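> I'd like to ask you about the structure that follows.
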Amino acid sequence: MNSEVTYSEVSPIIFQNYNIDKIQLISLYTHLVRPRLIEEKMLNLLRQGKISKWFSGIGQEAISVGTALALDHDDYILPMHRNLGIFTGRNIPFHRLFSQWQGKPDGFSKGRERSFHFGTQDYKIIGMISHLGPQMGIADGIALAHKLADEKNVTVVFTGDGGASEGDFHESINVAAVWDLPVIFIVENNGYGLSTPSNEQFRCKQFIDKAIGYGIEGIQVDGNNVLEVYQKVKEIRTSMIENPRPILLECITFRMRGHEEASGTKYVPTELMKQWELKDPIHNYETYLREIGVLDDLKIAEIKQGIKLEIEEGLRISNSMPDVFPDLSEELNDVYAPVHFEEVKSDENSSRSIRYIDAIREAMQMAMEKHPNLVLMGQDIADYGGVFKASEGFVAQFGKQRVRNTPLCESAIVGAALGLSIKGYKAMVEMQFADFVTCGFNQIINNLAKSHYRWGQNADVVVRMPTGAGVAAGPFHSQSNEAWFTHTPGLKVVYPAFPFDAKGLLLAAFEDPNPVLFFEHKALYRSITGIVPEAYYNMEIGKAAKLK
Ligand SMILES: Cc1ncc(C[n+]2csc(CCOP(=O)(O)OP(=O)(O)O)c2C)c(N)n1
């Protein structure tokens, strides 16, 4: 919503039935009320200091609820900080949510954070990190996995109108467009990003206009109308299953409370707030259901009472849980996914002298043969074979689905690699030059590195990094930036010096379920040769070799 609109443009909600049956109409109502009543309770806990922060979704519930109920249970959803209705819509037991926010052990992140920053494979919800854009690239990867496996699913990812200013928004929608990925990009256009109104955030009139630029469909709905959101998401889903492609769904709504509870709404004109109060999604829907004879006082009271009891019971269970006291060894153990290394010894009989680049190429080729779920991604890596020709000929052997040229966007692709991993794939991203990793830095440092520690999800990703100076390539094609990553828990950094090590360690990197930054000095590619066995072998990562 552009804040230059006049207040009278805050249009009333117009409900249509869309042949939705009575049971579903009531279910939508019940699911709308659930997050609202939880929020009201949480505000009490916030005042008591039992939860640390609260980002309110009051007034925006229809978007989460309509979406959650329109999807299949195994479609992934990547929500943001105002999407409680996604979590309750997927029927997560209340006590687990309350425990998550209170840092209790039966939450989702072992008390390591008390927020929505968690994921759960059980409920197919992949929570955000604080940074507002990276979830969109992850959605691309999940959708790519669905597409590769020919699974009939869509992936839904949320962003706010503020978050849509992040480069990830552009990169991820562009990738989804080019690869025809079945992702619904939902923009919750609620008028403000923290205190910044829309006219200081973006210049276009509406977000569906941006869809045109990406060559995809953009659809706008009244985000306060639960029936419209539900119906539209259902229709989009059906159509995307038949014809996989991304769609941008813009939901017009308004943020009724402060950015988070402490910050208030002083900067919002009172008149505008009043207009939107009249558009409350729950009150209006309740009135509609009364008018068409689906709800009455008795039924409404019964529904609310049922939810209140569920909340009390959830709180009772959560409060009875002990607090989490960090155990150092458990904290350290959870930084990396466990590795079950099975050594494959090198067969000296098959050795011959090859160059460093050949060893890299051979390792990738063998890994692709060994792991049918491994997908290679990078700029110009397909038919062209990569700028260093490390993947030359791979398209002929493995096909373009598994050897993928990417648009020029490091962040979305590293995010997509994590998305693939979430679906049980392995991914390799080739940075064209290690220098360009700066454009994917956030995804590596905050997503790949931390997701296992945060909620037990490993990132089975190898990022290959042609690196180093000595080739007169100046400040943007010759940096040795491995130290940026050695300081980040959760990553493994490998930097082989010899062709033998390059092959054995790269093969081990593909077996390792953790994110591995694999540095290859460019000056070595074609300048050194070494004895390398032709057969498969691996070398344990992190174990030093004793050289004579
Ligand atoms: C990369 C990054 N920059 C800044 C912030 C601080 N921040 C958190 S939420 C927010 C505003 C988000 O606005 P919008 O995307 O419109 O979502 P809304 O809060 O309105 O739902 C800001 C600036 C952040 N979390 N991440």
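Residue numbering restarts at 1 for every chain of the structure tokens, chains are lettered A, B, ... in their displayed order, and ligands are numbered from 1 as they appear.
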Could you list, with a cut-off of 7 Å and counting only C-alpha atoms and all ligand atoms, the residues of chain A near ligand 1, each shown with its nearest atom pair and the distance in Å rounded to one decimal, rows sorted by chain and ascending number, as a Markdown table?

| residue | atom | partner | partner_atom_place_in_ligand_line | distance |
| --- | --- | --- | --- | --- |
| A:His81 | CA | ligand 1 | 21 (O) | 6.8 |
| A:Arg82 | CA | ligand 1 | 21 (O) | 5.9 |
| A:Ser130 | CA | ligand 1 | 25 (N) | 4.6 |
| A:His131 | CA | ligand 1 | 26 (N) | 3.7 |
| A:Leu132 | CA | ligand 1 | 26 (N) | 5.0 |
| A:Thr159 | CA | ligand 1 | 15 (O) | 5.9 |
| A:Gly160 | CA | ligand 1 | 15 (O) | 3.3 |
| A:Asp161 | CA | ligand 1 | 16 (O) | 4.0 |
| A:Gly162 | CA | ligand 1 | 16 (O) | 3.4 |
| A:Gly163 | CA | ligand 1 | 15 (O) | 3.6 |
| A:Ala164 | CA | ligand 1 | 15 (O) | 6.5 |
| A:Glu188 | CA | ligand 1 | 21 (O) | 7.0 |
| A:Asn189 | CA | ligand 1 | 16 (O) | 6.8 |
| A:Asn190 | CA | ligand 1 | 20 (O) | 5.8 |
| A:Gly191 | CA | ligand 1 | 20 (O) | 7.0 |
| A:Tyr192 | CA | ligand 1 | 20 (O) | 5.1 |
| A:Gly193 | CA | ligand 1 | 13 (O) | 3.2 |
| A:Leu194 | CA | ligand 1 | 11 (C) | 4.3 |
| A:Arg255 | CA | ligand 1 | 20 (O) | 6.5 |
| A:His259 | CA | ligand 1 | 19 (O) | 5.7 |
> Take the residues from that selection and write them out as a PDB file, in the first residue's frame, keeping N, CA and C atoms.

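As written to disk, again.pdb reads:
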ATOM      1  N   HIS A  81       7.934 -12.794  10.558  1.00  0.00           N
ATOM      2  CA  HIS A  81       7.698 -12.547  11.976  1.00  0.00           C
ATOM      3  C   HIS A  81       6.248 -12.209  12.330  1.00  0.00           C
ATOM      4  N   ARG A  82       5.386 -11.997  11.325  1.00  0.00           N
ATOM      5  CA  ARG A  82       3.986 -11.696  11.670  1.00  0.00           C
ATOM      6  C   ARG A  82       3.038 -12.796  11.194  1.00  0.00           C
ATOM      7  N   SER A 130      16.737 -13.430  11.051  1.00  0.00           N
ATOM      8  CA  SER A 130      16.344 -12.034  11.248  1.00  0.00           C
ATOM      9  C   SER A 130      16.378 -11.228   9.961  1.00  0.00           C
ATOM     10  N   HIS A 131      17.381 -11.500   9.160  1.00  0.00           N
ATOM     11  CA  HIS A 131      17.529 -10.804   7.889  1.00  0.00           C
ATOM     12  C   HIS A 131      16.304 -11.108   7.047  1.00  0.00           C
ATOM     13  N   LEU A 132      15.765 -10.135   6.383  1.00  0.00           N
ATOM     14  CA  LEU A 132      14.387 -10.267   5.919  1.00  0.00           C
ATOM     15  C   LEU A 132      14.216 -10.892   4.539  1.00  0.00           C
ATOM     16  N   THR A 159       7.226 -12.301   2.382  1.00  0.00           N
ATOM     17  CA  THR A 159       8.074 -11.133   2.635  1.00  0.00           C
ATOM     18  C   THR A 159       7.165  -9.959   2.988  1.00  0.00           C
ATOM     19  N   GLY A 160       7.723  -9.000   3.723  1.00  0.00           N
ATOM     20  CA  GLY A 160       6.992  -7.756   3.931  1.00  0.00           C
ATOM     21  C   GLY A 160       7.320  -6.804   2.791  1.00  0.00           C
ATOM     22  N   ASP A 161       6.614  -5.688   2.754  1.00  0.00           N
ATOM     23  CA  ASP A 161       6.892  -4.688   1.721  1.00  0.00           C
ATOM     24  C   ASP A 161       8.268  -4.071   1.948  1.00  0.00           C
ATOM     25  N   GLY A 162       8.725  -4.028   3.206  1.00  0.00           N
ATOM     26  CA  GLY A 162      10.074  -3.513   3.480  1.00  0.00           C
ATOM     27  C   GLY A 162      11.122  -4.510   3.033  1.00  0.00           C
ATOM     28  N   GLY A 163      10.944  -5.748   3.437  1.00  0.00           N
ATOM     29  CA  GLY A 163      11.890  -6.800   3.052  1.00  0.00           C
ATOM     30  C   GLY A 163      12.029  -6.937   1.547  1.00  0.00           C
ATOM     31  N   ALA A 164      11.000  -6.532   0.831  1.00  0.00           N
ATOM     32  CA  ALA A 164      11.039  -6.635  -0.632  1.00  0.00           C
ATOM     33  C   ALA A 164      12.041  -5.655  -1.247  1.00  0.00           C
ATOM     34  N   GLU A 188       3.309  -9.226   1.912  1.00  0.00           N
ATOM     35  CA  GLU A 188       2.327  -8.642   2.826  1.00  0.00           C
ATOM     36  C   GLU A 188       2.568  -7.146   2.850  1.00  0.00           C
ATOM     37  N   ASN A 189       1.753  -6.459   2.094  1.00  0.00           N
ATOM     38  CA  ASN A 189       1.924  -5.013   1.951  1.00  0.00           C
ATOM     39  C   ASN A 189       1.123  -4.319   3.047  1.00  0.00           C
ATOM     40  N   ASN A 190       1.824  -4.029   4.160  1.00  0.00           N
ATOM     41  CA  ASN A 190       1.109  -3.512   5.345  1.00  0.00           C
ATOM     42  C   ASN A 190       1.454  -2.060   5.661  1.00  0.00           C
ATOM     43  N   GLY A 191       1.935  -1.332   4.667  1.00  0.00           N
ATOM     44  CA  GLY A 191       2.062   0.111   4.811  1.00  0.00           C
ATOM     45  C   GLY A 191       3.343   0.637   5.450  1.00  0.00           C
ATOM     46  N   TYR A 192       3.963  -0.153   6.321  1.00  0.00           N
ATOM     47  CA  TYR A 192       5.161   0.315   7.017  1.00  0.00           C
ATOM     48  C   TYR A 192       6.209  -0.783   7.105  1.00  0.00           C
ATOM     49  N   GLY A 193       7.486  -0.390   7.065  1.00  0.00           N
ATOM     50  CA  GLY A 193       8.582  -1.267   7.427  1.00  0.00           C
ATOM     51  C   GLY A 193       9.221  -0.609   8.638  1.00  0.00           C
ATOM     52  N   LEU A 194       9.019  -1.183   9.804  1.00  0.00           N
ATOM     53  CA  LEU A 194       9.338  -0.537  11.068  1.00  0.00           C
ATOM     54  C   LEU A 194       8.641   0.835  11.113  1.00  0.00           C
ATOM     55  N   ARG A 255      -0.446  -2.862   9.253  1.00  0.00           N
ATOM     56  CA  ARG A 255       0.146  -3.285  10.523  1.00  0.00           C
ATOM     57  C   ARG A 255      -0.503  -2.500  11.657  1.00  0.00           C
ATOM     58  N   HIS A 259       6.038  -2.002  15.369  1.00  0.00           N
ATOM     59  CA  HIS A 259       6.917  -2.995  14.745  1.00  0.00           C
ATOM     60  C   HIS A 259       7.135  -4.166  15.697  1.00  0.00           C
TER      61      HIS A 259
END
> Fewer than 4 positions away in the same chain doesn't count, so skip those; otherwise give me all residues within 10 Å of stretch 411-418 of chain A, counting only C-alpha atoms, as a short mmCIF file (atom, residue, chain, number, x, y, z; two decimals) with N, CA, C and O atoms, in the first residue's frame.

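Contents of around.cif, as written:
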data_model
loop_
_atom_site.label_atom_id
_atom_site.label_comp_id
_atom_site.auth_asym_id
_atom_site.auth_seq_id
_atom_site.Cartn_x
_atom_site.Cartn_y
_atom_site.Cartn_z
N GLY A 133 15.31 -11.13 3.82
CA GLY A 133 15.15 -11.61 2.45
C GLY A 133 15.59 -13.04 2.17
O GLY A 133 15.08 -13.67 1.24
N PRO A 134 16.54 -13.59 2.94
CA PRO A 134 17.18 -14.85 2.53
C PRO A 134 16.23 -16.04 2.40
O PRO A 134 16.53 -16.99 1.69
N GLN A 135 15.09 -16.01 3.09
CA GLN A 135 14.18 -17.15 3.00
C GLN A 135 13.66 -17.35 1.57
O GLN A 135 13.26 -18.44 1.19
N MET A 136 13.72 -16.29 0.77
CA MET A 136 13.15 -16.41 -0.59
C MET A 136 14.01 -17.32 -1.47
O MET A 136 13.49 -18.10 -2.26
N GLY A 137 15.33 -17.23 -1.32
CA GLY A 137 16.21 -18.13 -2.09
C GLY A 137 16.04 -19.57 -1.64
O GLY A 137 16.09 -20.51 -2.44
N ILE A 138 15.84 -19.77 -0.34
CA ILE A 138 15.63 -21.13 0.18
C ILE A 138 14.36 -21.73 -0.44
O ILE A 138 14.34 -22.90 -0.82
N ALA A 139 13.34 -20.90 -0.55
CA ALA A 139 12.09 -21.38 -1.17
C ALA A 139 12.35 -21.86 -2.59
O ALA A 139 11.81 -22.88 -3.03
N ASP A 140 13.20 -21.14 -3.30
CA ASP A 140 13.55 -21.57 -4.67
C ASP A 140 14.14 -22.98 -4.66
O ASP A 140 13.81 -23.82 -5.49
N GLY A 141 15.03 -23.23 -3.71
CA GLY A 141 15.70 -24.54 -3.65
C GLY A 141 14.72 -25.66 -3.32
O GLY A 141 14.79 -26.75 -3.90
N ILE A 142 13.80 -25.37 -2.41
CA ILE A 142 12.81 -26.40 -2.06
C ILE A 142 11.94 -26.70 -3.28
O ILE A 142 11.68 -27.85 -3.62
N ALA A 143 11.54 -25.63 -3.96
CA ALA A 143 10.69 -25.81 -5.15
C ALA A 143 11.45 -26.54 -6.25
O ALA A 143 10.88 -27.36 -6.98
N LEU A 144 12.74 -26.25 -6.36
CA LEU A 144 13.55 -26.95 -7.37
C LEU A 144 13.59 -28.45 -7.06
O LEU A 144 13.45 -29.29 -7.95
N ALA A 145 13.74 -28.77 -5.78
CA ALA A 145 13.76 -30.18 -5.38
C ALA A 145 12.43 -30.85 -5.73
O ALA A 145 12.41 -31.96 -6.26
N GLY A 167 17.92 -7.19 -1.87
CA GLY A 167 18.31 -7.81 -3.14
C GLY A 167 17.80 -9.24 -3.28
O GLY A 167 17.55 -9.71 -4.39
N ASP A 168 17.64 -9.93 -2.15
CA ASP A 168 17.16 -11.32 -2.21
C ASP A 168 15.80 -11.42 -2.90
O ASP A 168 15.50 -12.43 -3.54
N PHE A 169 14.98 -10.42 -2.71
CA PHE A 169 13.66 -10.42 -3.35
C PHE A 169 13.83 -10.48 -4.86
O PHE A 169 13.28 -11.35 -5.54
N HIS A 170 14.63 -9.60 -5.37
CA HIS A 170 14.88 -9.56 -6.82
C HIS A 170 15.52 -10.86 -7.30
O HIS A 170 15.06 -11.49 -8.26
N GLU A 171 16.59 -11.26 -6.62
CA GLU A 171 17.33 -12.44 -7.07
C GLU A 171 16.45 -13.68 -7.08
O GLU A 171 16.46 -14.47 -8.03
N SER A 172 15.70 -13.86 -6.01
CA SER A 172 14.95 -15.11 -5.87
C SER A 172 13.78 -15.19 -6.84
O SER A 172 13.50 -16.25 -7.41
N ILE A 173 13.11 -14.07 -7.03
CA ILE A 173 11.99 -14.11 -7.98
C ILE A 173 12.53 -14.32 -9.39
O ILE A 173 11.98 -15.08 -10.18
N ASN A 174 13.65 -13.69 -9.67
CA ASN A 174 14.23 -13.86 -11.00
C ASN A 174 14.63 -15.31 -11.26
O ASN A 174 14.36 -15.87 -12.32
N VAL A 175 15.28 -15.94 -10.27
CA VAL A 175 15.66 -17.35 -10.43
C VAL A 175 14.41 -18.21 -10.62
O VAL A 175 14.34 -19.07 -11.51
N ALA A 176 13.42 -17.98 -9.78
CA ALA A 176 12.19 -18.78 -9.87
C ALA A 176 11.54 -18.60 -11.24
O ALA A 176 11.01 -19.56 -11.82
N VAL A 375 23.27 -31.84 -7.03
CA VAL A 375 22.98 -30.85 -8.07
C VAL A 375 24.09 -29.81 -8.08
O VAL A 375 24.47 -29.30 -7.02
N LEU A 376 24.64 -29.54 -9.25
CA LEU A 376 25.69 -28.51 -9.38
C LEU A 376 25.06 -27.22 -9.90
O LEU A 376 24.27 -27.25 -10.84
N MET A 377 25.44 -26.10 -9.30
CA MET A 377 24.90 -24.81 -9.74
C MET A 377 26.03 -23.78 -9.80
O MET A 377 26.91 -23.78 -8.94
N GLY A 378 25.96 -22.93 -10.78
CA GLY A 378 26.95 -21.86 -10.86
C GLY A 378 26.83 -21.11 -12.18
O GLY A 378 26.16 -21.57 -13.12
N GLN A 379 27.48 -19.99 -12.20
CA GLN A 379 27.40 -19.18 -13.42
C GLN A 379 28.26 -19.82 -14.52
O GLN A 379 29.42 -20.14 -14.29
N THR A 406 23.27 -20.70 -13.58
CA THR A 406 22.41 -19.84 -12.76
C THR A 406 22.43 -18.42 -13.30
O THR A 406 23.42 -18.01 -13.91
N PRO A 407 21.36 -17.68 -13.05
CA PRO A 407 21.47 -16.24 -13.29
C PRO A 407 22.58 -15.69 -12.39
O PRO A 407 23.07 -16.38 -11.48
N ILE A 422 17.38 -29.06 2.43
CA ILE A 422 16.19 -29.27 3.27
C ILE A 422 15.34 -30.41 2.71
O ILE A 422 14.70 -31.15 3.43
N LYS A 423 15.39 -30.56 1.39
CA LYS A 423 14.62 -31.64 0.73
C LYS A 423 15.47 -32.90 0.53
O LYS A 423 15.10 -33.79 -0.24
N GLY A 424 16.63 -32.97 1.16
CA GLY A 424 17.42 -34.19 1.09
C GLY A 424 18.36 -34.28 -0.10
O GLY A 424 18.94 -35.35 -0.35
N TYR A 425 18.51 -33.19 -0.82
CA TYR A 425 19.49 -33.18 -1.92
C TYR A 425 20.85 -32.73 -1.40
O TYR A 425 20.98 -32.20 -0.30
N LYS A 426 21.85 -32.94 -2.25
CA LYS A 426 23.16 -32.36 -2.02
C LYS A 426 23.35 -31.28 -3.07
O LYS A 426 22.89 -31.44 -4.21
N ALA A 427 24.03 -30.21 -2.70
CA ALA A 427 24.22 -29.14 -3.68
C ALA A 427 25.67 -28.66 -3.69
O ALA A 427 26.34 -28.67 -2.66
N MET A 428 26.12 -28.31 -4.88
CA MET A 428 27.42 -27.65 -5.01
C MET A 428 27.18 -26.32 -5.71
O MET A 428 26.47 -26.25 -6.70
N VAL A 429 27.75 -25.27 -5.14
CA VAL A 429 27.70 -23.97 -5.79
C VAL A 429 29.11 -23.60 -6.18
O VAL A 429 30.02 -23.59 -5.33
N GLU A 430 29.33 -23.31 -7.44
CA GLU A 430 30.64 -22.82 -7.85
C GLU A 430 30.59 -21.30 -7.86
O GLU A 430 29.80 -20.70 -8.60
N MET A 431 31.40 -20.68 -6.99
CA MET A 431 31.58 -19.23 -7.12
C MET A 431 32.48 -19.04 -8.34
O MET A 431 33.51 -19.72 -8.45
N VAL A 437 31.96 -14.19 -3.53
CA VAL A 437 31.21 -14.77 -2.41
C VAL A 437 30.63 -13.68 -1.51
O VAL A 437 29.68 -13.91 -0.78
N THR A 438 31.22 -12.47 -1.60
CA THR A 438 30.66 -11.38 -0.78
C THR A 438 29.17 -11.21 -1.05
O THR A 438 28.42 -10.85 -0.15
N CYS A 439 28.76 -11.46 -2.29
CA CYS A 439 27.34 -11.29 -2.63
C CYS A 439 26.48 -12.43 -2.09
O CYS A 439 25.25 -12.35 -2.14
N GLY A 440 27.10 -13.50 -1.61
CA GLY A 440 26.33 -14.58 -1.00
C GLY A 440 26.70 -14.77 0.46
O GLY A 440 26.39 -15.79 1.06
N PHE A 441 27.37 -13.78 1.00
CA PHE A 441 27.96 -13.88 2.33
C PHE A 441 26.92 -14.17 3.41
O PHE A 441 27.07 -15.06 4.24
N ASN A 442 25.84 -13.41 3.37
CA ASN A 442 24.81 -13.56 4.41
C ASN A 442 24.26 -14.98 4.44
O ASN A 442 24.09 -15.57 5.50
N GLN A 443 23.98 -15.52 3.26
CA GLN A 443 23.42 -16.88 3.21
C GLN A 443 24.40 -17.88 3.80
O GLN A 443 24.00 -18.83 4.47
N ILE A 444 25.68 -17.68 3.53
CA ILE A 444 26.67 -18.64 4.03
C ILE A 444 26.83 -18.51 5.54
O ILE A 444 26.76 -19.49 6.28
N ASN A 447 22.84 -18.53 7.23
CA ASN A 447 21.95 -19.66 6.97
C ASN A 447 22.69 -20.99 6.93
O ASN A 447 22.45 -21.86 7.75
N LEU A 448 23.62 -21.14 6.01
CA LEU A 448 24.33 -22.43 5.93
C LEU A 448 24.99 -22.77 7.26
O LEU A 448 24.88 -23.88 7.77
N SER A 451 22.14 -23.19 10.53
CA SER A 451 20.83 -23.86 10.59
C SER A 451 20.88 -25.14 11.40
O SER A 451 19.91 -25.50 12.06
N GLN A 457 18.78 -28.61 11.25
CA GLN A 457 18.75 -28.85 9.80
C GLN A 457 20.15 -28.67 9.22
O GLN A 457 20.72 -27.58 9.29
N ASN A 458 20.68 -29.73 8.66
CA ASN A 458 22.02 -29.60 8.08
C ASN A 458 21.96 -28.92 6.71
O ASN A 458 20.91 -28.91 6.05
N ALA A 459 23.06 -28.36 6.31
CA ALA A 459 23.19 -27.76 4.97
C ALA A 459 24.22 -28.58 4.21
O ALA A 459 25.43 -28.39 4.40
N ASP A 460 23.72 -29.49 3.40
CA ASP A 460 24.61 -30.41 2.68
C ASP A 460 25.09 -29.70 1.40
O ASP A 460 24.64 -30.01 0.31
N VAL A 461 25.98 -28.75 1.60
CA VAL A 461 26.33 -27.84 0.51
C VAL A 461 27.85 -27.69 0.43
O VAL A 461 28.51 -27.48 1.45
N VAL A 462 28.38 -27.79 -0.77
CA VAL A 462 29.79 -27.49 -1.00
C VAL A 462 29.84 -26.21 -1.84
O VAL A 462 29.18 -26.11 -2.87
N VAL A 463 30.59 -25.24 -1.35
CA VAL A 463 30.78 -24.01 -2.14
C VAL A 463 32.21 -24.03 -2.64
O VAL A 463 33.16 -23.96 -1.85
N PRO A 515 28.10 -27.70 5.60
CA PRO A 515 28.56 -26.78 4.56
C PRO A 515 30.08 -26.71 4.51
O PRO A 515 30.73 -26.47 5.53
#
> Between A:Glu348, A:Glu61, A:Glu113, A:Glu410, which one has atoms that come closest to A:Tyr29, using only C-alpha atoms?
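Checking each candidate against A:Tyr29, we get A:Glu61 as the closest.
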> Looking at only C-alpha atoms, which of A:Gly504, A:Gly456, A:Pro499, A:Pro466 is the one that sits closest to A:Arg112?
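That would be A:Gly456, the residue with the smallest distance to A:Arg112.
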> Step one, run DSSP on the backbone; step two, keep only residues of stretch 381-478 of chain A assigned to strand (DSSP E); then write them as JSON, numbers by chain.
{"A": [403, 404, 405, 426, 427, 428, 429, 430, 461, 462, 463, 464, 465, 466, 467]}
> Given only C-alpha atoms as the basis, pick out the residue of A:Asp296, A:Asp334, A:Asp21, A:Glu228 nearest to A:Leu249.
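For A:Leu249, the nearest of the given residues is A:Glu228.
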> Have a look at atom CA of A:Glu330 and atom CA of A:Lys450 and let me know their distance in Å, one decimal.
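Atom-to-atom, atom CA of A:Glu330 to atom CA of A:Lys450, that is 14.9 Å.
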> Which of these, A:Pro338, A:Gly66, A:Pro281, A:Gly59, has the shortest distance to A:Thr88 once you count only C-alpha atoms?
A:Gly66
> Please identify the helix (DSSP H, G or I) residues within stretch 199-386 of chain A (assignment by DSSP from backbone atoms) and present them as a ChimeraX atom specification.
/A:199-200,208-214,226-242,261-263,270-277,281-291,297-320,328-333,348-350,356-370
> To one decimal place in Å, what is the distance between atom CA of A:His95 and atom CA of A:Glu261?
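Computed distance, atom CA of A:His95 to atom CA of A:Glu261, equals 22.0 Å.
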> Using only C-alpha atoms for the distances, tell me which of A:Asp501, A:Asp435, A:Asp106, A:Asp280 is nearest to A:Met256.
A:Asp280
> So, with only C-alpha atoms as the atoms that count, which of A:Arg526, A:Arg464, A:Lys503, A:His73 lies closest to A:Tyr123?
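Residue with the minimum atom-to-atom distance to A:Tyr123: A:His73.
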> Which distance in Å separates atom CA of A:Asn225 and atom CA of A:Phe15, to one decimal?
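Atom-to-atom, atom CA of A:Asn225 and atom CA of A:Phe15 are spaced 7.0 Å apart.
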> Env of A:Gln275: 12 Å cut, atoms = only C-alpha atoms, seq-sep filter 2 positions within chain, self excluded. Answer as a PyMOL selection string.
chain A and resi 6-13+253-254+256+268-273+277-280
> Could you turn the residues from that selection into a file that holds N, CA, C and O atoms, as a CSV table (one decimal), in the first residue's frame?

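Saved as again-v8.csv:
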chain,number,residue,atom,x,y,z
A,6,THR,N,-5.3,8.1,-0.3
A,6,THR,CA,-6.1,8.8,0.7
A,6,THR,C,-6.8,7.8,1.5
A,6,THR,O,-7.0,6.7,1.1
A,7,TYR,N,-7.2,8.2,2.7
A,7,TYR,CA,-7.7,7.3,3.7
A,7,TYR,C,-9.0,6.6,3.1
A,7,TYR,O,-9.3,5.5,3.4
A,8,SER,N,-9.8,7.4,2.4
A,8,SER,CA,-11.0,6.8,1.9
A,8,SER,C,-10.8,5.6,0.9
A,8,SER,O,-11.7,4.9,0.6
A,9,GLU,N,-9.5,5.5,0.5
A,9,GLU,CA,-9.2,4.3,-0.4
A,9,GLU,C,-9.1,3.0,0.4
A,9,GLU,O,-8.8,2.0,-0.2
A,10,VAL,N,-9.2,3.1,1.7
A,10,VAL,CA,-9.2,1.9,2.5
A,10,VAL,C,-10.6,1.2,2.3
A,10,VAL,O,-11.5,1.6,3.0
A,11,SER,N,-10.7,0.4,1.4
A,11,SER,CA,-12.0,-0.1,0.9
A,11,SER,C,-12.5,-1.2,1.9
A,11,SER,O,-11.8,-1.9,2.5
A,12,PRO,N,-13.9,-1.2,2.0
A,12,PRO,CA,-14.4,-2.3,2.9
A,12,PRO,C,-14.2,-3.7,2.3
A,12,PRO,O,-13.9,-3.9,1.1
A,13,ILE,N,-14.3,-4.7,3.2
A,13,ILE,CA,-14.1,-6.0,2.8
A,13,ILE,C,-15.4,-6.5,2.1
A,13,ILE,O,-16.5,-6.3,2.7
A,253,THR,N,-2.8,-5.1,3.2
A,253,THR,CA,-3.2,-5.1,4.7
A,253,THR,C,-2.7,-4.0,5.4
A,253,THR,O,-2.2,-3.0,4.8
A,254,PHE,N,-2.7,-4.0,6.7
A,254,PHE,CA,-2.1,-3.0,7.5
A,254,PHE,C,-1.6,-3.5,8.8
A,254,PHE,O,-2.1,-4.4,9.4
A,256,MET,N,-1.3,-3.2,12.5
A,256,MET,CA,-2.1,-2.5,13.5
A,256,MET,C,-1.4,-2.1,14.8
A,256,MET,O,-1.8,-1.3,15.6
A,268,VAL,N,2.1,6.7,12.9
A,268,VAL,CA,1.0,6.3,12.0
A,268,VAL,C,-0.1,7.3,12.2
A,268,VAL,O,-0.6,7.5,13.4
A,269,PRO,N,-0.6,8.0,11.2
A,269,PRO,CA,-1.7,8.9,11.4
A,269,PRO,C,-2.9,8.2,12.0
A,269,PRO,O,-3.3,7.2,11.6
A,270,THR,N,-3.5,8.9,13.0
A,270,THR,CA,-4.6,8.3,13.7
A,270,THR,C,-5.7,8.0,12.8
A,270,THR,O,-6.4,6.9,13.0
A,271,GLU,N,-6.0,8.9,11.9
A,271,GLU,CA,-7.1,8.6,11.0
A,271,GLU,C,-7.0,7.3,10.1
A,271,GLU,O,-7.9,6.5,10.0
A,272,LEU,N,-5.7,7.1,9.7
A,272,LEU,CA,-5.4,5.9,8.9
A,272,LEU,C,-5.6,4.7,9.8
A,272,LEU,O,-6.2,3.7,9.3
A,273,MET,N,-5.2,4.7,11.0
A,273,MET,CA,-5.3,3.6,11.9
A,273,MET,C,-6.8,3.3,12.1
A,273,MET,O,-7.2,2.2,12.1
A,277,GLU,N,-8.9,-0.1,11.4
A,277,GLU,CA,-9.6,-0.8,12.5
A,277,GLU,C,-10.9,-1.3,12.1
A,277,GLU,O,-11.3,-2.4,12.4
A,278,LEU,N,-11.6,-0.5,11.2
A,278,LEU,CA,-12.8,-0.9,10.6
A,278,LEU,C,-12.7,-2.1,9.8
A,278,LEU,O,-13.7,-2.9,9.5
A,279,LYS,N,-11.5,-2.4,9.3
A,279,LYS,CA,-11.3,-3.5,8.4
A,279,LYS,C,-10.7,-4.7,9.1
A,279,LYS,O,-10.1,-5.6,8.5
A,280,ASP,N,-10.9,-4.8,10.4
A,280,ASP,CA,-10.4,-5.9,11.1
A,280,ASP,C,-10.8,-7.3,10.5
A,280,ASP,O,-12.0,-7.5,10.3
> Near A:Ser99, within 10 Å and counting only C-alpha atoms, which residues show up once chain neighbours fewer than 2 positions away are dropped, as a count of residues only?
25
